[in-house]
>>> print(open('my_file.cif').read())   # mmCIF, N, CA and C atoms
data_entry
#
loop_
_atom_site.label_atom_id
_atom_site.label_comp_id
_atom_site.auth_asym_id
_atom_site.auth_seq_id
_atom_site.Cartn_x
_atom_site.Cartn_y
_atom_site.Cartn_z
N MET A 1478 -37.01 -17.99 130.24
CA MET A 1478 -37.83 -18.22 131.40
C MET A 1478 -36.99 -18.94 132.45
N ILE A 1479 -37.02 -18.45 133.65
CA ILE A 1479 -36.25 -19.04 134.74
C ILE A 1479 -37.22 -19.78 135.65
N LEU A 1480 -36.87 -21.02 135.96
CA LEU A 1480 -37.71 -21.82 136.84
C LEU A 1480 -37.18 -21.77 138.27
N ARG A 1481 -38.07 -21.65 139.18
CA ARG A 1481 -37.67 -21.74 140.58
C ARG A 1481 -37.46 -23.20 140.92
N ARG A 1482 -36.62 -23.44 141.90
CA ARG A 1482 -36.37 -24.83 142.31
C ARG A 1482 -37.67 -25.54 142.69
N SER A 1483 -38.59 -24.83 143.27
CA SER A 1483 -39.85 -25.46 143.68
C SER A 1483 -40.72 -25.84 142.48
N SER A 1484 -40.46 -25.29 141.31
CA SER A 1484 -41.24 -25.59 140.11
C SER A 1484 -40.74 -26.83 139.38
N ILE A 1485 -39.50 -27.19 139.59
CA ILE A 1485 -38.88 -28.28 138.84
C ILE A 1485 -39.63 -29.60 139.00
N PRO A 1486 -40.03 -30.01 140.22
CA PRO A 1486 -40.77 -31.27 140.32
C PRO A 1486 -42.08 -31.26 139.53
N PHE A 1487 -42.75 -30.12 139.47
CA PHE A 1487 -44.00 -30.03 138.73
C PHE A 1487 -43.77 -30.13 137.23
N VAL A 1488 -42.70 -29.50 136.78
CA VAL A 1488 -42.36 -29.57 135.36
C VAL A 1488 -42.00 -31.01 134.98
N CYS A 1489 -41.22 -31.67 135.82
CA CYS A 1489 -40.84 -33.06 135.56
C CYS A 1489 -42.08 -33.96 135.54
N ALA A 1490 -42.98 -33.77 136.47
CA ALA A 1490 -44.21 -34.56 136.51
C ALA A 1490 -45.04 -34.33 135.24
N ALA A 1491 -45.11 -33.11 134.78
CA ALA A 1491 -45.87 -32.79 133.57
C ALA A 1491 -45.27 -33.50 132.36
N VAL A 1492 -43.95 -33.49 132.26
CA VAL A 1492 -43.28 -34.16 131.15
C VAL A 1492 -43.57 -35.66 131.18
N VAL A 1493 -43.51 -36.26 132.34
CA VAL A 1493 -43.79 -37.70 132.47
C VAL A 1493 -45.23 -37.98 132.06
N LEU A 1494 -46.17 -37.19 132.51
CA LEU A 1494 -47.58 -37.41 132.16
C LEU A 1494 -47.81 -37.25 130.66
N ILE A 1495 -47.23 -36.26 130.06
CA ILE A 1495 -47.40 -36.04 128.62
C ILE A 1495 -46.80 -37.20 127.83
N THR A 1496 -45.62 -37.63 128.23
CA THR A 1496 -44.96 -38.75 127.55
C THR A 1496 -45.77 -40.02 127.69
N THR A 1497 -46.27 -40.30 128.89
CA THR A 1497 -47.08 -41.49 129.13
C THR A 1497 -48.34 -41.45 128.29
N ALA A 1498 -49.00 -40.32 128.22
CA ALA A 1498 -50.21 -40.19 127.42
C ALA A 1498 -49.92 -40.39 125.94
N ALA A 1499 -48.80 -39.89 125.47
CA ALA A 1499 -48.45 -40.05 124.06
C ALA A 1499 -48.18 -41.51 123.73
N VAL A 1500 -47.50 -42.22 124.61
CA VAL A 1500 -47.24 -43.65 124.39
C VAL A 1500 -48.53 -44.43 124.40
N ALA A 1501 -49.42 -44.15 125.34
CA ALA A 1501 -50.69 -44.85 125.43
C ALA A 1501 -51.52 -44.61 124.17
N ALA A 1502 -51.53 -43.38 123.68
CA ALA A 1502 -52.29 -43.07 122.47
C ALA A 1502 -51.71 -43.80 121.26
N THR A 1503 -50.40 -43.90 121.20
CA THR A 1503 -49.75 -44.60 120.10
C THR A 1503 -50.10 -46.07 120.12
N ASP A 1504 -50.00 -46.72 121.28
CA ASP A 1504 -50.30 -48.13 121.40
C ASP A 1504 -51.76 -48.43 121.09
N ALA A 1505 -52.66 -47.47 121.33
CA ALA A 1505 -54.08 -47.68 121.10
C ALA A 1505 -54.39 -47.87 119.62
N ARG A 1506 -53.51 -47.41 118.75
CA ARG A 1506 -53.74 -47.57 117.32
C ARG A 1506 -53.51 -48.98 116.83
N LEU A 1507 -52.81 -49.78 117.60
CA LEU A 1507 -52.52 -51.14 117.18
C LEU A 1507 -53.56 -52.09 117.75
N PRO A 1508 -54.20 -52.88 116.90
CA PRO A 1508 -55.16 -53.86 117.40
C PRO A 1508 -54.47 -54.88 118.32
N GLU A 1509 -55.20 -55.35 119.29
CA GLU A 1509 -54.64 -56.36 120.19
C GLU A 1509 -54.40 -57.65 119.43
N GLY A 1510 -53.41 -58.39 119.88
CA GLY A 1510 -53.13 -59.68 119.28
C GLY A 1510 -51.66 -60.02 119.40
N PRO A 1511 -51.34 -61.27 119.08
CA PRO A 1511 -49.95 -61.71 119.12
C PRO A 1511 -49.10 -60.86 118.18
N GLY A 1512 -48.02 -60.33 118.71
CA GLY A 1512 -47.11 -59.49 117.93
C GLY A 1512 -47.30 -58.01 118.17
N GLN A 1513 -48.40 -57.60 118.83
CA GLN A 1513 -48.66 -56.18 119.05
C GLN A 1513 -47.53 -55.50 119.81
N ALA A 1514 -47.10 -56.09 120.90
CA ALA A 1514 -46.05 -55.47 121.72
C ALA A 1514 -44.74 -55.36 120.94
N GLN A 1515 -44.41 -56.39 120.18
CA GLN A 1515 -43.17 -56.38 119.40
C GLN A 1515 -43.22 -55.30 118.31
N VAL A 1516 -44.38 -55.16 117.66
CA VAL A 1516 -44.52 -54.13 116.63
C VAL A 1516 -44.40 -52.75 117.25
N SER A 1517 -45.08 -52.56 118.37
CA SER A 1517 -45.01 -51.26 119.05
C SER A 1517 -43.58 -50.92 119.41
N LYS A 1518 -42.89 -51.86 119.99
CA LYS A 1518 -41.51 -51.63 120.42
C LYS A 1518 -40.58 -51.38 119.23
N ALA A 1519 -40.72 -52.17 118.18
CA ALA A 1519 -39.82 -52.07 117.04
C ALA A 1519 -40.07 -50.83 116.20
N CYS A 1520 -41.32 -50.42 116.08
CA CYS A 1520 -41.66 -49.35 115.15
C CYS A 1520 -41.74 -47.97 115.79
N ALA A 1521 -42.32 -47.91 116.98
CA ALA A 1521 -42.58 -46.60 117.60
C ALA A 1521 -41.31 -45.91 118.07
N GLY A 1522 -40.21 -46.63 118.14
CA GLY A 1522 -38.96 -46.00 118.53
C GLY A 1522 -38.45 -45.00 117.51
N CYS A 1523 -38.83 -45.19 116.25
CA CYS A 1523 -38.31 -44.32 115.18
C CYS A 1523 -39.36 -43.41 114.55
N HIS A 1524 -40.60 -43.86 114.54
CA HIS A 1524 -41.62 -43.04 113.90
C HIS A 1524 -42.99 -43.29 114.50
N ASP A 1525 -43.91 -42.42 114.19
CA ASP A 1525 -45.29 -42.54 114.64
C ASP A 1525 -45.90 -43.81 114.05
N LEU A 1526 -46.71 -44.49 114.82
CA LEU A 1526 -47.30 -45.73 114.34
C LEU A 1526 -48.29 -45.51 113.20
N GLY A 1527 -48.70 -44.27 112.97
CA GLY A 1527 -49.54 -43.98 111.82
C GLY A 1527 -48.85 -44.33 110.51
N VAL A 1528 -47.53 -44.29 110.51
CA VAL A 1528 -46.77 -44.70 109.33
C VAL A 1528 -47.03 -46.18 109.05
N VAL A 1529 -47.13 -46.97 110.11
CA VAL A 1529 -47.38 -48.42 109.98
C VAL A 1529 -48.84 -48.67 109.66
N THR A 1530 -49.73 -48.09 110.44
CA THR A 1530 -51.15 -48.39 110.31
C THR A 1530 -51.75 -47.87 109.01
N GLY A 1531 -51.06 -46.99 108.34
CA GLY A 1531 -51.54 -46.46 107.07
C GLY A 1531 -51.15 -47.31 105.87
N GLN A 1532 -50.35 -48.34 106.08
CA GLN A 1532 -49.91 -49.21 104.99
C GLN A 1532 -50.78 -50.47 104.95
N HIS A 1533 -50.88 -51.06 103.77
CA HIS A 1533 -51.68 -52.28 103.61
C HIS A 1533 -50.96 -53.20 102.64
N TYR A 1534 -50.03 -53.99 103.19
CA TYR A 1534 -49.21 -54.88 102.39
C TYR A 1534 -49.55 -56.33 102.70
N ASP A 1535 -49.19 -57.21 101.76
CA ASP A 1535 -49.30 -58.64 102.04
C ASP A 1535 -48.09 -59.07 102.87
N ALA A 1536 -48.08 -60.32 103.30
CA ALA A 1536 -47.02 -60.80 104.20
C ALA A 1536 -45.64 -60.69 103.56
N GLU A 1537 -45.54 -60.96 102.27
CA GLU A 1537 -44.24 -60.87 101.61
C GLU A 1537 -43.70 -59.44 101.66
N LYS A 1538 -44.55 -58.47 101.34
CA LYS A 1538 -44.11 -57.08 101.35
C LYS A 1538 -43.80 -56.61 102.77
N TRP A 1539 -44.64 -57.03 103.76
CA TRP A 1539 -44.34 -56.66 105.15
C TRP A 1539 -42.98 -57.23 105.56
N GLY A 1540 -42.67 -58.44 105.11
CA GLY A 1540 -41.36 -59.01 105.41
C GLY A 1540 -40.24 -58.16 104.86
N GLN A 1541 -40.41 -57.66 103.63
CA GLN A 1541 -39.41 -56.79 103.03
C GLN A 1541 -39.28 -55.48 103.82
N VAL A 1542 -40.42 -54.94 104.24
CA VAL A 1542 -40.40 -53.70 105.02
C VAL A 1542 -39.68 -53.92 106.35
N VAL A 1543 -40.00 -55.01 107.02
CA VAL A 1543 -39.34 -55.30 108.30
C VAL A 1543 -37.84 -55.50 108.09
N ASP A 1544 -37.46 -56.20 107.04
CA ASP A 1544 -36.04 -56.37 106.73
C ASP A 1544 -35.35 -55.01 106.56
N THR A 1545 -35.99 -54.12 105.83
CA THR A 1545 -35.43 -52.79 105.60
C THR A 1545 -35.30 -52.03 106.91
N MET A 1546 -36.32 -52.12 107.76
CA MET A 1546 -36.29 -51.40 109.03
C MET A 1546 -35.21 -51.97 109.96
N VAL A 1547 -35.05 -53.28 109.94
CA VAL A 1547 -33.99 -53.90 110.75
C VAL A 1547 -32.63 -53.41 110.25
N ASP A 1548 -32.46 -53.34 108.92
CA ASP A 1548 -31.21 -52.82 108.35
C ASP A 1548 -30.95 -51.38 108.79
N ARG A 1549 -32.03 -50.64 109.08
CA ARG A 1549 -31.91 -49.25 109.50
C ARG A 1549 -31.85 -49.09 111.01
N GLY A 1550 -31.88 -50.22 111.74
CA GLY A 1550 -31.69 -50.14 113.18
C GLY A 1550 -32.86 -50.58 114.05
N ALA A 1551 -33.98 -50.96 113.45
CA ALA A 1551 -35.10 -51.44 114.26
C ALA A 1551 -34.67 -52.72 114.97
N GLU A 1552 -35.08 -52.82 116.21
CA GLU A 1552 -34.69 -53.98 117.01
C GLU A 1552 -35.79 -55.03 116.96
N VAL A 1553 -35.60 -56.01 116.08
CA VAL A 1553 -36.50 -57.15 115.95
C VAL A 1553 -35.63 -58.39 116.02
N SER A 1554 -35.81 -59.15 117.09
CA SER A 1554 -35.00 -60.36 117.25
C SER A 1554 -35.45 -61.41 116.24
N ASP A 1555 -34.61 -62.41 116.06
CA ASP A 1555 -34.97 -63.52 115.17
C ASP A 1555 -36.27 -64.18 115.63
N ALA A 1556 -36.43 -64.31 116.94
CA ALA A 1556 -37.64 -64.94 117.49
C ALA A 1556 -38.89 -64.08 117.27
N ASP A 1557 -38.72 -62.77 117.20
CA ASP A 1557 -39.86 -61.86 117.02
C ASP A 1557 -40.18 -61.58 115.56
N TYR A 1558 -39.28 -61.92 114.66
CA TYR A 1558 -39.46 -61.56 113.25
C TYR A 1558 -40.77 -62.11 112.67
N ALA A 1559 -40.99 -63.40 112.76
CA ALA A 1559 -42.20 -64.01 112.18
C ALA A 1559 -43.47 -63.47 112.84
N PRO A 1560 -43.53 -63.35 114.19
CA PRO A 1560 -44.74 -62.77 114.79
C PRO A 1560 -45.00 -61.33 114.36
N VAL A 1561 -43.96 -60.54 114.18
CA VAL A 1561 -44.12 -59.15 113.74
C VAL A 1561 -44.70 -59.12 112.33
N VAL A 1562 -44.12 -59.88 111.42
CA VAL A 1562 -44.60 -59.90 110.03
C VAL A 1562 -46.04 -60.43 109.98
N ALA A 1563 -46.32 -61.50 110.72
CA ALA A 1563 -47.68 -62.07 110.74
C ALA A 1563 -48.69 -61.07 111.29
N TYR A 1564 -48.32 -60.37 112.35
CA TYR A 1564 -49.21 -59.37 112.95
C TYR A 1564 -49.50 -58.25 111.95
N LEU A 1565 -48.47 -57.76 111.31
CA LEU A 1565 -48.65 -56.67 110.34
C LEU A 1565 -49.51 -57.12 109.16
N ALA A 1566 -49.26 -58.31 108.64
CA ALA A 1566 -50.03 -58.81 107.50
C ALA A 1566 -51.49 -59.05 107.88
N LYS A 1567 -51.72 -59.55 109.08
CA LYS A 1567 -53.09 -59.83 109.52
C LYS A 1567 -53.87 -58.53 109.73
N ASN A 1568 -53.25 -57.57 110.39
CA ASN A 1568 -53.96 -56.36 110.79
C ASN A 1568 -53.85 -55.22 109.78
N PHE A 1569 -52.85 -55.25 108.93
CA PHE A 1569 -52.64 -54.17 107.97
C PHE A 1569 -52.33 -54.74 106.59
N GLY A 1570 -53.07 -55.77 106.23
CA GLY A 1570 -52.93 -56.39 104.92
C GLY A 1570 -53.77 -55.67 103.88
N PRO A 1571 -53.66 -56.10 102.61
CA PRO A 1571 -54.38 -55.43 101.53
C PRO A 1571 -55.90 -55.47 101.71
N GLU A 1572 -56.40 -56.51 102.33
CA GLU A 1572 -57.85 -56.63 102.52
C GLU A 1572 -58.38 -55.71 103.63
N LYS A 1573 -57.50 -55.06 104.36
CA LYS A 1573 -57.91 -54.16 105.46
C LYS A 1573 -58.07 -52.72 105.01
N LYS A 1574 -57.93 -52.46 103.73
CA LYS A 1574 -58.07 -51.09 103.20
C LYS A 1574 -59.48 -50.58 103.42
#
>>> encode(input="my_file.cif", output="structure tokens")
Amino acid sequence: MILRRSSIPFVCAAVVLITTAAVAATDARLPEGPGQAQVSKACAGCHDLGVVTGQHYDAEKWGQVVDTMVDRGAEVSDADYAPVVAYLAKNFGPEKK
């Protein structure tokens, strides 16, 4: 398929809208609270947040998971580590099944 030059801005706008909608839908799965933004940033870069929201671990196990993800390249600063683990344990702990 060949695009005319006049079509390119419309195609670019469509891509931006689709991407924005996908990000908004992903963020909507995370409950509001301290650590939400850090979890979204650290996790959504590599996989769908459904991978996160489908798990129900205690704080110790979430810490192990975050350690593993950091080893694999997730960007979680030292300052964000505890809020990320606390957020995950609070919102996706064993009692949330």
>>> resolve_selection(input="my_file.cif", expression="the PyMOL selection byres ((chain A and resi 1511) around 8)", output="ChimeraX atom specification")
/A:1508-1510,1512-1516,1560-1561,1563-1565
>>> write_last_selection(input="my_file.cif", atoms="N, CA and C atoms", output="PDB file, in the frame of the given file")
ATOM      1  N   PRO A1508     -54.200 -52.880 116.900  1.00  0.00           N
ATOM      2  CA  PRO A1508     -55.160 -53.860 117.400  1.00  0.00           C
ATOM      3  C   PRO A1508     -54.470 -54.880 118.320  1.00  0.00           C
ATOM      4  N   GLU A1509     -55.200 -55.350 119.290  1.00  0.00           N
ATOM      5  CA  GLU A1509     -54.640 -56.360 120.190  1.00  0.00           C
ATOM      6  C   GLU A1509     -54.400 -57.650 119.430  1.00  0.00           C
ATOM      7  N   GLY A1510     -53.410 -58.390 119.880  1.00  0.00           N
ATOM      8  CA  GLY A1510     -53.130 -59.680 119.280  1.00  0.00           C
ATOM      9  C   GLY A1510     -51.660 -60.020 119.400  1.00  0.00           C
ATOM     10  N   GLY A1512     -48.020 -60.330 118.710  1.00  0.00           N
ATOM     11  CA  GLY A1512     -47.110 -59.490 117.930  1.00  0.00           C
ATOM     12  C   GLY A1512     -47.300 -58.010 118.170  1.00  0.00           C
ATOM     13  N   GLN A1513     -48.400 -57.600 118.830  1.00  0.00           N
ATOM     14  CA  GLN A1513     -48.660 -56.180 119.050  1.00  0.00           C
ATOM     15  C   GLN A1513     -47.530 -55.500 119.810  1.00  0.00           C
ATOM     16  N   ALA A1514     -47.100 -56.090 120.900  1.00  0.00           N
ATOM     17  CA  ALA A1514     -46.050 -55.470 121.720  1.00  0.00           C
ATOM     18  C   ALA A1514     -44.740 -55.360 120.940  1.00  0.00           C
ATOM     19  N   GLN A1515     -44.410 -56.390 120.180  1.00  0.00           N
ATOM     20  CA  GLN A1515     -43.170 -56.380 119.400  1.00  0.00           C
ATOM     21  C   GLN A1515     -43.220 -55.300 118.310  1.00  0.00           C
ATOM     22  N   VAL A1516     -44.380 -55.160 117.660  1.00  0.00           N
ATOM     23  CA  VAL A1516     -44.520 -54.130 116.630  1.00  0.00           C
ATOM     24  C   VAL A1516     -44.400 -52.750 117.250  1.00  0.00           C
ATOM     25  N   PRO A1560     -43.530 -63.350 114.190  1.00  0.00           N
ATOM     26  CA  PRO A1560     -44.740 -62.770 114.790  1.00  0.00           C
ATOM     27  C   PRO A1560     -45.000 -61.330 114.360  1.00  0.00           C
ATOM     28  N   VAL A1561     -43.960 -60.540 114.180  1.00  0.00           N
ATOM     29  CA  VAL A1561     -44.120 -59.150 113.740  1.00  0.00           C
ATOM     30  C   VAL A1561     -44.700 -59.120 112.330  1.00  0.00           C
ATOM     31  N   ALA A1563     -46.320 -61.500 110.720  1.00  0.00           N
ATOM     32  CA  ALA A1563     -47.680 -62.070 110.740  1.00  0.00           C
ATOM     33  C   ALA A1563     -48.690 -61.070 111.290  1.00  0.00           C
ATOM     34  N   TYR A1564     -48.320 -60.370 112.350  1.00  0.00           N
ATOM     35  CA  TYR A1564     -49.210 -59.370 112.950  1.00  0.00           C
ATOM     36  C   TYR A1564     -49.500 -58.250 111.950  1.00  0.00           C
ATOM     37  N   LEU A1565     -48.470 -57.760 111.310  1.00  0.00           N
ATOM     38  CA  LEU A1565     -48.650 -56.670 110.340  1.00  0.00           C
ATOM     39  C   LEU A1565     -49.510 -57.120 109.160  1.00  0.00           C
TER      40      LEU A1565
END
>>> atom_distance(input="my_file.cif", atom1="atom CA of A:Tyr1558", atom2="atom CA of A:Val1529")
15.7 Å
>>> residues_around(input="my_file.cif", residues="A:Glu1537", least_positions_apart="5", cutoff="8 Å", atoms="all atoms listed in the file", output="ChimeraX atom specification")
/A:1542-1543,1562,1566
>>> closest_residue(input="my_file.cif", among="A:Asp1555, A:Cys1520, A:Asp1548, A:Lys1573", to="A:His1533", atoms="all atoms listed in the file")
A:Lys1573
>>> resolve_selection(input="my_file.cif", expression="the PyMOL selection byres (((chain A and resi 1526 and name CA) around 9) and name CA)", output="number ranges by chain")
A: 1503-1504, 1506-1507, 1517, 1520-1521, 1524-1525, 1527-1531
>>> atom_distance(input="my_file.cif", atom1="atom CA of A:Arg1549", atom2="atom N of A:Lys1567")
22.3 Å
>>> atom_distance(input="my_file.cif", atom1="atom CA of A:Asp1544", atom2="atom CA of A:Asp1557")
12.3 Å
>>> select_by_dssp(input="my_file.cif", residues="stretch 1513-1549 of chain A", states="alpha helix (DSSP H)", output="list in words")
Gln1513, Ala1514, Gln1515, Val1516, Ser1517, Lys1518, Ala1519, Cys1520, Ala1521, Gly1527, Val1528, Val1529, Thr1530, Ala1536, Glu1537, Lys1538, Trp1539, Gly1540, Gln1541, Val1542, Val1543, Asp1544, Thr1545, Met1546, Val1547 and Asp1548 of chain A
>>> closest_residue(input="my_file.cif", among="A:Ser1554, A:Gln1541, A:Asp1535, A:Ala1559", to="A:Pro1571", atoms="all atoms listed in the file")
A:Asp1535
>>> decode(input="my_file.cif", residues="stretch 1554-1572 of chain A", atoms="N, CA, C and O atoms", output="short mmCIF file (atom, residue, chain, number, x, y, z; two decimals), in the first residue's frame")
data_model
loop_
_atom_site.label_atom_id
_atom_site.label_comp_id
_atom_site.auth_asym_id
_atom_site.auth_seq_id
_atom_site.Cartn_x
_atom_site.Cartn_y
_atom_site.Cartn_z
N SER A 1554 14.49 2.74 40.83
CA SER A 1554 15.57 3.36 41.60
C SER A 1554 15.54 2.84 43.03
O SER A 1554 14.54 2.28 43.50
N ASP A 1555 16.63 3.06 43.74
CA ASP A 1555 16.68 2.67 45.15
C ASP A 1555 15.57 3.36 45.94
O ASP A 1555 14.95 2.76 46.81
N ALA A 1556 15.31 4.63 45.60
CA ALA A 1556 14.26 5.39 46.30
C ALA A 1556 12.86 4.87 45.99
O ALA A 1556 11.96 4.98 46.83
N ASP A 1557 12.67 4.28 44.81
CA ASP A 1557 11.35 3.78 44.42
C ASP A 1557 11.12 2.32 44.81
O ASP A 1557 9.99 1.85 44.78
N TYR A 1558 12.17 1.62 45.18
CA TYR A 1558 12.05 0.19 45.45
C TYR A 1558 11.01 -0.12 46.52
O TYR A 1558 10.07 -0.89 46.29
N ALA A 1559 11.14 0.47 47.69
CA ALA A 1559 10.20 0.19 48.79
C ALA A 1559 8.77 0.60 48.45
O ALA A 1559 7.84 -0.18 48.70
N PRO A 1560 8.54 1.79 47.85
CA PRO A 1560 7.16 2.13 47.46
C PRO A 1560 6.56 1.18 46.43
O PRO A 1560 5.37 0.87 46.48
N VAL A 1561 7.37 0.69 45.51
CA VAL A 1561 6.89 -0.25 44.49
C VAL A 1561 6.47 -1.56 45.16
O VAL A 1561 5.36 -2.07 44.93
N VAL A 1562 7.32 -2.11 46.01
CA VAL A 1562 7.01 -3.37 46.69
C VAL A 1562 5.79 -3.20 47.59
O VAL A 1562 4.88 -4.05 47.60
N ALA A 1563 5.72 -2.09 48.33
CA ALA A 1563 4.58 -1.85 49.22
C ALA A 1563 3.29 -1.71 48.42
O ALA A 1563 2.25 -2.26 48.81
N TYR A 1564 3.34 -1.01 47.30
CA TYR A 1564 2.16 -0.84 46.45
C TYR A 1564 1.68 -2.19 45.93
O TYR A 1564 0.48 -2.51 45.98
N LEU A 1565 2.60 -2.99 45.44
CA LEU A 1565 2.23 -4.30 44.90
C LEU A 1565 1.65 -5.21 45.98
O LEU A 1565 0.63 -5.87 45.77
N ALA A 1566 2.27 -5.22 47.16
CA ALA A 1566 1.79 -6.07 48.25
C ALA A 1566 0.41 -5.62 48.74
O ALA A 1566 -0.46 -6.45 49.02
N LYS A 1567 0.20 -4.31 48.80
CA LYS A 1567 -1.08 -3.79 49.27
C LYS A 1567 -2.20 -4.09 48.27
O LYS A 1567 -3.29 -4.50 48.66
N ASN A 1568 -1.93 -3.86 47.00
CA ASN A 1568 -2.98 -3.96 45.99
C ASN A 1568 -3.09 -5.33 45.33
O ASN A 1568 -4.14 -5.66 44.76
N PHE A 1569 -2.03 -6.11 45.39
CA PHE A 1569 -2.01 -7.42 44.75
C PHE A 1569 -1.42 -8.47 45.67
O PHE A 1569 -0.64 -9.31 45.26
N GLY A 1570 -1.82 -8.40 46.93
CA GLY A 1570 -1.38 -9.36 47.92
C GLY A 1570 -2.27 -10.59 47.92
O GLY A 1570 -3.28 -10.65 47.22
N PRO A 1571 -1.92 -11.59 48.75
CA PRO A 1571 -2.67 -12.84 48.78
C PRO A 1571 -4.14 -12.64 49.19
O PRO A 1571 -5.01 -13.38 48.73
N GLU A 1572 -4.40 -11.66 50.01
CA GLU A 1572 -5.77 -11.43 50.47
C GLU A 1572 -6.64 -10.76 49.40
O GLU A 1572 -7.85 -10.64 49.57
#
